[in-house]
$ cat final14.cif   # mmCIF, C-alpha atoms
data_target
#
loop_
_atom_site.group_PDB
_atom_site.id
_atom_site.type_symbol
_atom_site.label_atom_id
_atom_site.label_comp_id
_atom_site.auth_asym_id
_atom_site.auth_seq_id
_atom_site.Cartn_x
_atom_site.Cartn_y
_atom_site.Cartn_z
ATOM 1 C CA MET A 1 -14.697 31.611 -26.790
ATOM 2 C CA GLY A 2 -17.338 34.283 -27.468
ATOM 3 C CA THR A 3 -17.781 36.025 -30.808
ATOM 4 C CA ALA A 4 -16.152 39.202 -29.535
ATOM 5 C CA GLU A 5 -13.064 37.254 -28.408
ATOM 6 C CA ARG A 6 -12.493 35.383 -31.651
ATOM 7 C CA PRO A 7 -10.574 36.643 -34.692
ATOM 8 C CA LEU A 8 -12.854 38.554 -37.055
ATOM 9 C CA ASP A 9 -12.313 36.146 -39.953
ATOM 10 C CA GLU A 10 -13.433 33.164 -37.867
ATOM 11 C CA ALA A 11 -16.540 34.994 -36.669
ATOM 12 C CA ILE A 12 -17.488 36.015 -40.212
ATOM 13 C CA GLU A 13 -16.822 32.484 -41.510
ATOM 14 C CA GLU A 14 -19.287 31.088 -38.973
ATOM 15 C CA ILE A 15 -21.953 33.545 -40.129
ATOM 16 C CA VAL A 16 -21.329 32.554 -43.751
ATOM 17 C CA LEU A 17 -21.302 28.809 -43.025
ATOM 18 C CA GLY A 18 -24.479 29.142 -40.989
ATOM 19 C CA ALA A 19 -23.264 26.819 -38.235
ATOM 20 C CA PRO A 20 -20.168 26.295 -36.066
ATOM 21 C CA ARG A 21 -17.436 23.894 -37.094
ATOM 22 C CA ARG A 22 -17.802 20.731 -35.012
ATOM 23 C CA TYR A 23 -16.575 17.707 -36.973
ATOM 24 C CA THR A 24 -13.362 16.312 -38.363
ATOM 25 C CA ARG A 25 -13.465 14.656 -41.757
ATOM 26 C CA LEU A 26 -13.513 11.205 -40.157
ATOM 27 C CA GLN A 27 -16.406 12.173 -37.890
ATOM 28 C CA MET A 28 -18.365 13.703 -40.760
ATOM 29 C CA SER A 29 -17.852 10.604 -42.928
ATOM 30 C CA GLU A 30 -19.073 8.350 -40.138
ATOM 31 C CA VAL A 31 -22.147 10.477 -39.375
ATOM 32 C CA ALA A 32 -23.042 10.999 -43.048
ATOM 33 C CA GLY A 33 -22.317 7.416 -44.054
ATOM 34 C CA LEU A 34 -19.745 8.370 -46.700
ATOM 35 C CA ASP A 35 -16.593 6.399 -47.431
ATOM 36 C CA LEU A 36 -13.548 8.374 -46.235
ATOM 37 C CA ASP A 37 -11.738 8.163 -49.591
ATOM 38 C CA GLU A 38 -14.913 9.229 -51.409
ATOM 39 C CA GLY A 39 -15.133 12.178 -49.045
ATOM 40 C CA ARG A 40 -11.565 13.212 -49.833
ATOM 41 C CA ARG A 41 -12.192 13.043 -53.582
ATOM 42 C CA LEU A 42 -15.417 15.019 -53.270
ATOM 43 C CA TRP A 43 -13.707 17.701 -51.171
ATOM 44 C CA ARG A 44 -10.962 18.097 -53.778
ATOM 45 C CA SER A 45 -13.564 18.157 -56.571
ATOM 46 C CA LEU A 46 -15.183 21.126 -54.863
ATOM 47 C CA GLY A 47 -11.869 22.965 -55.224
ATOM 48 C CA PHE A 48 -10.769 22.987 -51.585
ATOM 49 C CA ALA A 49 -7.233 22.317 -50.330
ATOM 50 C CA GLU A 50 -6.403 19.067 -48.581
ATOM 51 C CA VAL A 51 -6.851 19.189 -44.791
ATOM 52 C CA ALA A 52 -5.680 16.990 -41.946
ATOM 53 C CA ASP A 53 -8.078 14.231 -40.880
ATOM 54 C CA ASP A 54 -8.157 15.615 -37.326
ATOM 55 C CA ALA A 55 -8.894 19.219 -38.338
ATOM 56 C CA VAL A 56 -12.250 20.403 -36.976
ATOM 57 C CA LEU A 57 -13.558 21.917 -40.177
ATOM 58 C CA PHE A 58 -17.063 20.652 -40.944
ATOM 59 C CA THR A 59 -20.523 21.704 -39.810
ATOM 60 C CA GLU A 60 -23.999 20.216 -39.695
ATOM 61 C CA HIS A 61 -24.616 21.712 -43.122
ATOM 62 C CA ASP A 62 -21.705 19.728 -44.586
ATOM 63 C CA ILE A 63 -23.288 16.549 -43.268
ATOM 64 C CA GLU A 64 -26.670 17.528 -44.727
ATOM 65 C CA ALA A 65 -25.079 18.209 -48.120
ATOM 66 C CA VAL A 66 -23.225 14.880 -48.159
ATOM 67 C CA ARG A 67 -26.383 13.005 -47.203
ATOM 68 C CA LEU A 68 -28.279 14.806 -49.962
ATOM 69 C CA MET A 69 -25.706 13.912 -52.622
ATOM 70 C CA THR A 70 -25.546 10.332 -51.396
ATOM 71 C CA GLY A 71 -29.334 10.118 -51.501
ATOM 72 C CA LEU A 72 -29.448 11.458 -55.058
ATOM 73 C CA THR A 73 -26.861 8.868 -56.084
ATOM 74 C CA GLU A 74 -28.791 6.033 -54.463
ATOM 75 C CA ALA A 75 -31.969 7.244 -56.171
ATOM 76 C CA GLY A 76 -30.250 7.191 -59.553
ATOM 77 C CA VAL A 77 -30.577 10.950 -60.043
ATOM 78 C CA LEU A 78 -26.855 11.705 -59.667
ATOM 79 C CA GLU A 79 -24.788 8.792 -60.910
ATOM 80 C CA LEU A 80 -21.673 7.919 -58.945
ATOM 81 C CA ASP A 81 -19.321 8.278 -61.915
ATOM 82 C CA VAL A 82 -20.483 11.843 -62.618
ATOM 83 C CA ARG A 83 -20.905 13.099 -59.054
ATOM 84 C CA GLU A 84 -17.374 14.485 -58.802
ATOM 85 C CA ALA A 85 -17.581 16.033 -62.262
ATOM 86 C CA VAL A 86 -20.786 17.806 -61.267
ATOM 87 C CA ALA A 87 -19.088 18.992 -58.064
ATOM 88 C CA ARG A 88 -16.183 20.421 -60.084
ATOM 89 C CA ALA A 89 -18.482 22.233 -62.499
ATOM 90 C CA VAL A 90 -20.562 23.789 -59.727
ATOM 91 C CA ALA A 91 -17.481 24.688 -57.676
ATOM 92 C CA GLN A 92 -15.800 26.509 -60.559
ATOM 93 C CA GLN A 93 -18.811 28.763 -61.024
ATOM 94 C CA MET A 94 -19.422 29.309 -57.321
ATOM 95 C CA SER A 95 -15.778 30.125 -56.624
ATOM 96 C CA ARG A 96 -15.849 33.065 -59.025
ATOM 97 C CA LEU A 97 -19.179 34.226 -57.626
ATOM 98 C CA ALA A 98 -17.871 34.023 -54.065
ATOM 99 C CA GLU A 99 -14.786 36.100 -54.927
ATOM 100 C CA TRP A 100 -17.004 38.844 -56.334
ATOM 101 C CA GLN A 101 -19.458 38.753 -53.433
ATOM 102 C CA VAL A 102 -16.762 38.937 -50.762
ATOM 103 C CA GLY A 103 -15.169 41.880 -52.550
ATOM 104 C CA MET A 104 -18.527 43.629 -52.718
ATOM 105 C CA VAL A 105 -19.244 43.097 -49.004
ATOM 106 C CA LYS A 106 -15.728 44.234 -48.116
ATOM 107 C CA ARG A 107 -16.172 47.475 -50.074
ATOM 108 C CA LEU A 108 -19.555 48.005 -48.439
ATOM 109 C CA ILE A 109 -18.070 47.616 -44.950
ATOM 110 C CA GLU A 110 -15.136 49.918 -45.685
ATOM 111 C CA SER A 111 -17.389 52.596 -47.189
ATOM 112 C CA ARG A 112 -19.385 53.037 -43.975
ATOM 113 C CA SER A 113 -16.543 54.543 -41.985
ATOM 114 C CA GLU A 114 -12.773 54.704 -41.861
ATOM 115 C CA ASP A 115 -12.559 52.837 -38.549
ATOM 116 C CA VAL A 116 -14.882 49.859 -38.868
ATOM 117 C CA THR A 117 -15.304 47.842 -35.691
ATOM 118 C CA ALA A 118 -15.428 44.060 -35.682
ATOM 119 C CA GLN A 119 -19.048 44.207 -34.539
ATOM 120 C CA GLN A 120 -20.007 46.500 -37.432
ATOM 121 C CA ALA A 121 -18.346 44.121 -39.909
ATOM 122 C CA LEU A 122 -20.248 41.175 -38.432
ATOM 123 C CA GLU A 123 -23.572 43.033 -38.505
ATOM 124 C CA THR A 124 -23.091 44.104 -42.131
ATOM 125 C CA THR A 125 -22.197 40.585 -43.231
ATOM 126 C CA ALA A 126 -25.161 39.097 -41.384
ATOM 127 C CA ALA A 127 -27.517 41.646 -42.975
ATOM 128 C CA VAL A 128 -26.251 41.315 -46.551
ATOM 129 C CA LEU A 129 -25.829 37.539 -46.738
ATOM 130 C CA PRO A 130 -29.563 36.584 -46.834
ATOM 131 C CA ALA A 131 -30.188 39.079 -49.639
ATOM 132 C CA LEU A 132 -27.301 37.672 -51.680
ATOM 133 C CA GLU A 133 -28.544 34.144 -51.093
ATOM 134 C CA SER A 134 -32.099 35.001 -52.160
ATOM 135 C CA LEU A 135 -30.885 36.837 -55.275
ATOM 136 C CA GLN A 136 -28.622 33.922 -56.169
ATOM 137 C CA THR A 137 -31.507 31.463 -55.871
ATOM 138 C CA TYR A 138 -33.765 33.706 -57.968
ATOM 139 C CA VAL A 139 -31.227 34.009 -60.791
ATOM 140 C CA TRP A 140 -30.559 30.258 -60.705
ATOM 141 C CA ARG A 141 -34.266 29.428 -60.982
ATOM 142 C CA ARG A 142 -34.729 31.900 -63.839
ATOM 143 C CA HIS A 143 -31.823 30.383 -65.769
ATOM 144 C CA LEU A 144 -33.084 26.893 -64.966
ATOM 145 C CA ALA A 145 -36.517 27.780 -66.358
ATOM 146 C CA ALA A 146 -34.977 29.266 -69.516
ATOM 147 C CA THR A 147 -32.821 26.174 -70.026
ATOM 148 C CA VAL A 148 -35.793 23.838 -69.553
ATOM 149 C CA HIS A 149 -37.787 25.823 -72.132
ATOM 150 C CA ARG A 150 -34.891 25.827 -74.584
ATOM 151 C CA SER A 151 -34.270 22.102 -74.098
ATOM 152 C CA LEU A 152 -37.899 21.189 -74.730
ATOM 153 C CA ALA A 153 -38.157 23.516 -77.717
ATOM 154 C CA THR A 154 -35.106 21.968 -79.417
ATOM 155 C CA SER A 155 -35.568 18.355 -78.296
ATOM 156 C CA GLY A 156 -36.485 17.258 -81.821
ATOM 157 C CA ALA A 157 -33.193 18.578 -83.178
ATOM 158 C CA GLN A 158 -30.964 16.755 -80.703
ATOM 159 C CA GLU A 159 -28.247 14.529 -82.131
ATOM 160 C CA GLU A 160 -27.939 10.823 -81.341
ATOM 161 C CA ALA A 161 -25.448 11.403 -78.522
ATOM 162 C CA PRO A 162 -27.372 12.635 -75.451
ATOM 163 C CA ASP A 163 -25.087 15.620 -74.743
ATOM 164 C CA THR A 164 -24.396 16.601 -78.362
ATOM 165 C CA TRP A 165 -26.248 19.560 -79.853
ATOM 166 C CA SER A 166 -26.066 21.481 -83.089
ATOM 167 C CA LEU A 167 -24.883 24.943 -82.075
ATOM 168 C CA VAL A 168 -23.050 27.956 -83.389
ATOM 169 C CA VAL A 169 -20.020 28.767 -81.239
ATOM 170 C CA GLY A 170 -18.280 32.138 -81.076
ATOM 171 C CA PHE A 171 -15.189 33.595 -79.454
ATOM 172 C CA ALA A 172 -14.781 37.357 -79.052
ATOM 173 C CA ASP A 173 -11.301 38.502 -78.058
ATOM 174 C CA MET A 174 -10.107 42.005 -77.123
ATOM 175 C CA VAL A 175 -7.177 42.984 -79.354
ATOM 176 C CA GLY A 176 -3.978 44.054 -77.593
ATOM 177 C CA PHE A 177 -5.400 43.442 -74.130
ATOM 178 C CA THR A 178 -2.004 42.765 -72.518
ATOM 179 C CA ARG A 179 -0.504 45.925 -74.008
ATOM 180 C CA THR A 180 -3.537 47.943 -72.946
ATOM 181 C CA THR A 181 -3.319 46.777 -69.324
ATOM 182 C CA ARG A 182 0.224 48.149 -69.033
ATOM 183 C CA ARG A 183 -1.020 51.664 -69.752
ATOM 184 C CA ARG A 184 -3.947 51.662 -67.328
ATOM 185 C CA SER A 185 -4.278 51.876 -63.580
ATOM 186 C CA SER A 186 -6.022 49.175 -61.565
ATOM 187 C CA ALA A 187 -9.150 51.342 -61.382
ATOM 188 C CA GLU A 188 -9.136 51.918 -65.163
ATOM 189 C CA LEU A 189 -8.536 48.220 -65.808
ATOM 190 C CA GLY A 190 -11.417 47.308 -63.499
ATOM 191 C CA GLU A 191 -13.705 49.731 -65.325
ATOM 192 C CA MET A 192 -12.667 48.282 -68.688
ATOM 193 C CA ILE A 193 -13.336 44.697 -67.595
ATOM 194 C CA GLU A 194 -16.697 45.694 -66.129
ATOM 195 C CA ARG A 195 -17.652 47.468 -69.349
ATOM 196 C CA PHE A 196 -16.590 44.461 -71.434
ATOM 197 C CA GLY A 197 -18.667 42.141 -69.257
ATOM 198 C CA SER A 198 -21.787 44.297 -69.294
ATOM 199 C CA THR A 199 -21.567 44.957 -73.031
ATOM 200 C CA THR A 200 -21.074 41.337 -74.057
ATOM 201 C CA THR A 201 -23.785 40.126 -71.690
ATOM 202 C CA GLU A 202 -26.321 42.605 -73.076
ATOM 203 C CA VAL A 203 -25.577 41.966 -76.762
ATOM 204 C CA ILE A 204 -25.476 38.172 -76.434
ATOM 205 C CA ALA A 205 -28.667 38.023 -74.358
ATOM 206 C CA ASP A 206 -30.519 40.356 -76.756
ATOM 207 C CA GLY A 207 -29.421 38.097 -79.625
ATOM 208 C CA ARG A 208 -30.886 34.986 -77.928
ATOM 209 C CA GLY A 209 -27.436 33.566 -77.233
ATOM 210 C CA ARG A 210 -25.784 32.342 -74.039
ATOM 211 C CA ILE A 211 -22.414 33.127 -72.529
ATOM 212 C CA VAL A 212 -20.531 29.915 -71.759
ATOM 213 C CA LYS A 213 -17.680 31.644 -69.962
ATOM 214 C CA THR A 214 -15.546 34.753 -69.868
ATOM 215 C CA VAL A 215 -11.804 34.305 -69.451
ATOM 216 C CA GLY A 216 -9.978 37.585 -68.976
ATOM 217 C CA ASP A 217 -10.112 39.346 -72.327
ATOM 218 C CA GLU A 218 -12.221 36.763 -74.158
ATOM 219 C CA VAL A 219 -15.847 35.642 -74.087
ATOM 220 C CA LEU A 220 -17.131 32.293 -75.381
ATOM 221 C CA PHE A 221 -20.780 32.237 -76.433
ATOM 222 C CA VAL A 222 -23.220 29.914 -78.204
ATOM 223 C CA ALA A 223 -26.527 30.243 -80.046
ATOM 224 C CA ASP A 224 -29.021 27.748 -81.401
ATOM 225 C CA GLU A 225 -29.421 29.319 -84.850
ATOM 226 C CA ILE A 226 -26.570 30.199 -87.198
ATOM 227 C CA ALA A 227 -28.137 33.506 -88.249
ATOM 228 C CA GLU A 228 -28.562 34.473 -84.603
ATOM 229 C CA GLY A 229 -24.930 33.658 -83.903
ATOM 230 C CA ALA A 230 -23.782 35.770 -86.840
ATOM 231 C CA ALA A 231 -25.945 38.684 -85.728
ATOM 232 C CA ILE A 232 -24.520 38.429 -82.214
ATOM 233 C CA ALA A 233 -20.928 38.399 -83.508
ATOM 234 C CA LEU A 234 -21.450 41.478 -85.684
ATOM 235 C CA GLY A 235 -23.442 43.162 -82.920
ATOM 236 C CA LEU A 236 -20.573 42.633 -80.474
ATOM 237 C CA ARG A 237 -18.090 44.104 -82.921
ATOM 238 C CA ASP A 238 -20.242 47.144 -83.648
ATOM 239 C CA ARG A 239 -21.149 47.769 -80.016
ATOM 240 C CA VAL A 240 -17.533 47.655 -78.886
ATOM 241 C CA ARG A 241 -16.639 50.136 -81.639
ATOM 242 C CA SER A 242 -18.812 52.664 -79.797
ATOM 243 C CA GLU A 243 -17.145 52.008 -76.433
ATOM 244 C CA PRO A 244 -14.073 54.273 -76.084
ATOM 245 C CA LEU A 245 -12.864 52.336 -73.031
ATOM 246 C CA LEU A 246 -12.637 49.025 -74.891
ATOM 247 C CA PRO A 247 -10.084 47.729 -77.399
ATOM 248 C CA ARG A 248 -11.443 46.441 -80.690
ATOM 249 C CA LEU A 249 -12.602 42.834 -81.000
ATOM 250 C CA ARG A 250 -11.668 39.967 -83.266
ATOM 251 C CA ILE A 251 -14.294 37.257 -83.480
ATOM 252 C CA GLY A 252 -14.449 33.692 -84.798
ATOM 253 C CA LEU A 253 -17.648 31.746 -85.471
ATOM 254 C CA ALA A 254 -18.191 28.072 -86.316
ATOM 255 C CA ALA A 255 -21.232 25.774 -86.349
ATOM 256 C CA GLY A 256 -21.957 22.080 -86.026
ATOM 257 C CA PRO A 257 -22.278 19.319 -83.418
ATOM 258 C CA VAL A 258 -20.980 20.351 -80.004
ATOM 259 C CA LEU A 259 -20.581 18.322 -76.835
ATOM 260 C CA VAL A 260 -22.282 20.195 -73.984
ATOM 261 C CA ARG A 261 -21.077 18.999 -70.609
ATOM 262 C CA TYR A 262 -21.392 20.599 -67.163
ATOM 263 C CA GLY A 263 -21.950 24.086 -68.511
ATOM 264 C CA ASP A 264 -19.035 24.014 -70.972
ATOM 265 C CA VAL A 265 -18.698 23.123 -74.656
ATOM 266 C CA TYR A 266 -16.210 20.841 -76.383
ATOM 267 C CA GLY A 267 -15.356 19.497 -79.810
ATOM 268 C CA GLU A 268 -14.010 20.397 -83.222
ATOM 269 C CA VAL A 269 -16.478 23.245 -83.722
ATOM 270 C CA VAL A 270 -15.164 24.951 -80.582
ATOM 271 C CA ASN A 271 -11.568 24.476 -81.748
ATOM 272 C CA ILE A 272 -12.313 25.918 -85.192
ATOM 273 C CA ALA A 273 -14.014 28.981 -83.714
ATOM 274 C CA SER A 274 -10.963 29.544 -81.516
ATOM 275 C CA ARG A 275 -8.553 29.215 -84.465
ATOM 276 C CA LEU A 276 -10.596 31.651 -86.548
ATOM 277 C CA THR A 277 -10.536 34.173 -83.718
ATOM 278 C CA THR A 278 -6.748 33.984 -83.503
ATOM 279 C CA HIS A 279 -6.399 34.737 -87.230
ATOM 280 C CA ALA A 280 -9.098 37.406 -87.500
ATOM 281 C CA ASP A 281 -7.982 40.988 -88.041
ATOM 282 C CA PRO A 282 -8.960 43.558 -85.414
ATOM 283 C CA ASP A 283 -12.564 44.710 -85.816
ATOM 284 C CA SER A 284 -13.535 41.728 -87.983
ATOM 285 C CA VAL A 285 -15.559 38.501 -87.819
ATOM 286 C CA LEU A 286 -14.393 35.263 -89.487
ATOM 287 C CA VAL A 287 -16.735 32.295 -89.963
ATOM 288 C CA ASP A 288 -16.238 28.691 -91.038
ATOM 289 C CA ARG A 289 -17.588 26.901 -94.113
ATOM 290 C CA THR A 290 -20.762 25.692 -92.365
ATOM 291 C CA VAL A 291 -21.754 29.188 -91.275
ATOM 292 C CA ALA A 292 -20.931 30.638 -94.697
ATOM 293 C CA GLN A 293 -22.965 28.025 -96.561
ATOM 294 C CA ASN A 294 -25.984 28.494 -94.300
ATOM 295 C CA LEU A 295 -25.935 32.280 -94.708
ATOM 296 C CA ALA A 296 -25.091 32.390 -98.424
ATOM 297 C CA ASP A 297 -28.676 33.312 -99.378
ATOM 298 C CA ASP A 298 -29.479 35.391 -96.294
ATOM 299 C CA PRO A 299 -29.917 39.011 -97.478
ATOM 300 C CA ARG A 300 -28.893 40.356 -94.075
ATOM 301 C CA PHE A 301 -25.271 39.299 -94.518
ATOM 302 C CA THR A 302 -22.492 39.503 -97.078
ATOM 303 C CA LEU A 303 -19.643 36.977 -97.148
ATOM 304 C CA ARG A 304 -16.210 37.044 -98.752
ATOM 305 C CA ALA A 305 -14.044 33.950 -99.020
ATOM 306 C CA LEU A 306 -10.450 34.386 -97.795
ATOM 307 C CA ARG A 307 -7.332 32.343 -98.360
ATOM 308 C CA PRO A 308 -7.199 28.999 -96.508
ATOM 309 C CA LEU A 309 -5.387 29.070 -93.194
ATOM 310 C CA ALA A 310 -2.628 26.643 -92.262
ATOM 311 C CA VAL A 311 -3.087 26.142 -88.530
ATOM 312 C CA ARG A 312 -2.224 23.351 -86.161
ATOM 313 C CA GLY A 313 -4.635 20.465 -86.622
ATOM 314 C CA TYR A 314 -6.216 21.972 -89.759
ATOM 315 C CA ARG A 315 -4.164 22.015 -92.977
ATOM 316 C CA ASN A 316 -6.793 23.909 -94.972
ATOM 317 C CA LEU A 317 -9.141 25.863 -92.757
ATOM 318 C CA HIS A 318 -11.335 27.964 -95.054
ATOM 319 C CA PRO A 319 -12.421 31.257 -93.481
ATOM 320 C CA TRP A 320 -15.020 33.735 -94.691
ATOM 321 C CA LEU A 321 -15.239 37.368 -93.710
ATOM 322 C CA ILE A 322 -18.803 38.289 -92.781
ATOM 323 C CA GLU A 323 -20.425 41.728 -92.735
ATOM 324 C CA ASN A 324 -23.900 43.174 -92.414
ATOM 325 C CA SER A 325 -25.468 43.955 -95.759
ATOM 326 C CA ALA A 326 -25.727 47.624 -96.586
#
$ encode --input "final14.cif" --output "C-alpha cells"
Amino acid sequence: MGTAERPLDEAIEEIVLGAPRRYTRLQMSEVAGLDLDEGRRLWRSLGFAEVADDAVLFTEHDIEAVRLMTGLTEAGVLELDVREAVARAVAQQMSRLAEWQVGMVKRLIESRSEDVTAQQALETTAAVLPALESLQTYVWRRHLAATVHRSLATSGAQEEAPDTWSLVVGFADMVGFTRTTRRRSSAELGEMIERFGSTTTEVIADGRGRIVKTVGDEVLFVADEIAEGAAIALGLRDRVRSEPLLPRLRIGLAAGPVLVRYGDVYGEVVNIASRLTTHADPDSVLVDRTVAQNLADDPRFTLRALRPLAVRGYRNLHPWLIENSA
C-alpha cells in the first residue's frame, strides 16, 4: 500500500520511526538475540502497552537498539539488574517530551491552512523532525557536560554510598491551584502553567540549582550549597509575587544526604522538604534544622524559629521561617 493510500497516522508514524514495521516481537527477539521474556519486560519498562506476539510492530531500529543495550550489558557498562530501571527513567522523561513535541507539530500543521491535506501534514512532519532531533541531542549533550563538571567538582564531598549526595532539596507549590483552575479557561490555564514553568526554570538555573521534576502545580529542585538553595527558594517566592498570572507559592527546604537515582531524589530529606511545604503559609519559605543551623551566621538571611509540627512520621519537626535580610 502506498503512502497516499494509507491512513495518515500510519504514514506519519513511519516517518517518526524512521523505518517501516517489519517484525513481530518473536522475530525481533530472534534476530537481536534477546530472550523473549526479557524483551517483554523491557518493552513494559519503556512504558508501552502489551502487544500480541504476532503483531508486526518493530523496525530495524528496534533491533539496533536492543543489540546496543545487550552489548552494553555484556560489556559491563549497563548492568542487567539496572537495565529496566534505566529504561523506565528514560521513558518517563521522553514520554513527556514526545507529548509536547507532537502537540507543537500539530499546531504548526493546523496553523498553515484550515484544510490541511495529508501530503502537507507528512511534509511538515518530515521537515520538522530532524530539527527537533538535533535540538534534543544538543540539549542532552549540554546537560551531560554540566553534570560531568558538577560531578567532578563535588567528587571529594560524596558520601560513602555511591549514589548518596549532600544536597539541599526544595519544593515550591502554587497555593490554591485547584480552585484557580476552576475559574480559568483552558487557554488561561495553559498560559499560567507555561509562565510557572518558565519562571521556575529561570530562577533555579540562575541560582545554580537543578529542577528534578515538575508535577502539575509543584516543582522539586535541588542545589549543592545550602545558601544557594535558600536564595533560590526566596527568589522563587519573590519572582512569583511579581507575576499577576500566578498564585502565590509556599516553599519547603531541607538539607542532608539524598539518594540520587535515575534523575530523581529519595530519602528523609526529600520527605521533610515536602512536609514543610505542606505546612508553609502562602508566600513563605520554611526550612529544616540543618538549613537553619548552616545559615544562622549568614548576614544575607534572617531566621525565626516556629512551633514544632506534628506530622506523619515526624513527631517534632522543627521549622524555621526564612527571609532575606533587610
$ resolve_selection --input "final14.cif" --expression "the PyMOL selection byres ((chain A and resi 302-317) around 9)" --output "number ranges by chain"
A: 272, 275-276, 279, 288-289, 292, 295-296, 298-301, 318-326
$ closest_atom_pairs --input "final14.cif" --of "range 105-172 of chain A" --to "range 245-252 of chain A" --cutoff "7 Å" --atoms "only C-alpha atoms" --output "Markdown table"
| residue | atom | partner | partner_atom | distance |
| --- | --- | --- | --- | --- |
| A:Gly170 | CA | A:Gly252 | CA | 5.6 |
| A:Phe171 | CA | A:Gly252 | CA | 5.4 |
| A:Ala172 | CA | A:Ile251 | CA | 4.5 |
$ resolve_selection --input "final14.cif" --expression "the PyMOL selection byres ((chain A and resi 223-227) around 8)" --output "JSON, numbers by chain"
{"A": [166, 167, 168, 169, 208, 209, 210, 221, 222, 228, 229, 230, 231, 255, 291, 294, 295]}
$ residues_around --input "final14.cif" --residues "range 130-142 of chain A" --least-positions-apart "3" --cutoff "12 Å" --atoms "all atoms listed in the file" --output "short mmCIF file (atom, residue, chain, number, x, y, z; two decimals) with C-alpha atoms, in the frame of the given file"
data_model
loop_
_atom_site.label_atom_id
_atom_site.label_comp_id
_atom_site.auth_asym_id
_atom_site.auth_seq_id
_atom_site.Cartn_x
_atom_site.Cartn_y
_atom_site.Cartn_z
CA ILE A 15 -21.95 33.54 -40.13
CA VAL A 16 -21.33 32.55 -43.75
CA LEU A 17 -21.30 28.81 -43.02
CA GLY A 18 -24.48 29.14 -40.99
CA VAL A 90 -20.56 23.79 -59.73
CA GLN A 93 -18.81 28.76 -61.02
CA MET A 94 -19.42 29.31 -57.32
CA LEU A 97 -19.18 34.23 -57.63
CA ALA A 98 -17.87 34.02 -54.06
CA TRP A 100 -17.00 38.84 -56.33
CA GLN A 101 -19.46 38.75 -53.43
CA VAL A 102 -16.76 38.94 -50.76
CA MET A 104 -18.53 43.63 -52.72
CA VAL A 105 -19.24 43.10 -49.00
CA THR A 124 -23.09 44.10 -42.13
CA THR A 125 -22.20 40.58 -43.23
CA ALA A 126 -25.16 39.10 -41.38
CA ALA A 127 -27.52 41.65 -42.98
CA ALA A 145 -36.52 27.78 -66.36
CA ALA A 146 -34.98 29.27 -69.52
CA THR A 147 -32.82 26.17 -70.03
CA VAL A 148 -35.79 23.84 -69.55
CA HIS A 149 -37.79 25.82 -72.13
#
$ resolve_selection --input "final14.cif" --expression "the PyMOL selection byres ((chain A and resi 264) around 10)" --output "PyMOL selection string"
chain A and resi 89+211-213+220+258-263+265-266
$ residues_around --input "final14.cif" --residues "Leu57 in chain A" --least-positions-apart "5" --cutoff "9 Å" --atoms "only C-alpha atoms" --output "compact mmCIF listing (two decimals) with C-alpha atoms, in the frame of the given file"
# COMPACT_ATOMS: atom_id res chain seq x y z
CA PRO A 20 -20.17 26.30 -36.07
CA ARG A 21 -17.44 23.89 -37.09
CA ARG A 22 -17.80 20.73 -35.01
CA TYR A 23 -16.58 17.71 -36.97
CA THR A 24 -13.36 16.31 -38.36
CA ARG A 25 -13.46 14.66 -41.76
CA VAL A 51 -6.85 19.19 -44.79
$ decode --input "final14.cif" --residues "range 194-203 of chain A" --atoms "N, CA, C and O atoms" --output "compact mmCIF listing (two decimals), in the first residue's frame"
# COMPACT_ATOMS: atom_id res chain seq x y z
N GLU A 194 2.55 27.60 31.62
CA GLU A 194 3.75 27.98 30.87
C GLU A 194 4.55 29.04 31.63
O GLU A 194 5.77 28.97 31.71
N ARG A 195 3.86 30.00 32.21
CA ARG A 195 4.53 31.05 32.97
C ARG A 195 5.20 30.47 34.21
O ARG A 195 6.32 30.84 34.56
N PHE A 196 4.53 29.54 34.88
CA PHE A 196 5.12 28.90 36.06
C PHE A 196 6.38 28.14 35.67
O PHE A 196 7.42 28.22 36.35
N GLY A 197 6.32 27.40 34.57
CA GLY A 197 7.48 26.64 34.12
C GLY A 197 8.65 27.52 33.74
O GLY A 197 9.79 27.27 34.14
N SER A 198 8.38 28.59 32.99
CA SER A 198 9.48 29.46 32.56
C SER A 198 10.08 30.23 33.73
O SER A 198 11.30 30.41 33.81
N THR A 199 9.24 30.66 34.66
CA THR A 199 9.72 31.41 35.81
C THR A 199 10.59 30.54 36.71
O THR A 199 11.69 30.94 37.11
N THR A 200 10.10 29.36 37.06
CA THR A 200 10.86 28.48 37.95
C THR A 200 12.16 28.03 37.29
O THR A 200 13.21 27.97 37.96
N THR A 201 12.12 27.74 36.02
CA THR A 201 13.34 27.31 35.32
C THR A 201 14.40 28.41 35.36
O THR A 201 15.57 28.15 35.63
N GLU A 202 13.99 29.64 35.10
CA GLU A 202 14.93 30.76 35.06
C GLU A 202 15.54 31.02 36.44
O GLU A 202 16.77 31.14 36.58
N VAL A 203 14.70 31.08 37.46
CA VAL A 203 15.20 31.39 38.81
C VAL A 203 16.11 30.28 39.33
O VAL A 203 17.18 30.55 39.90
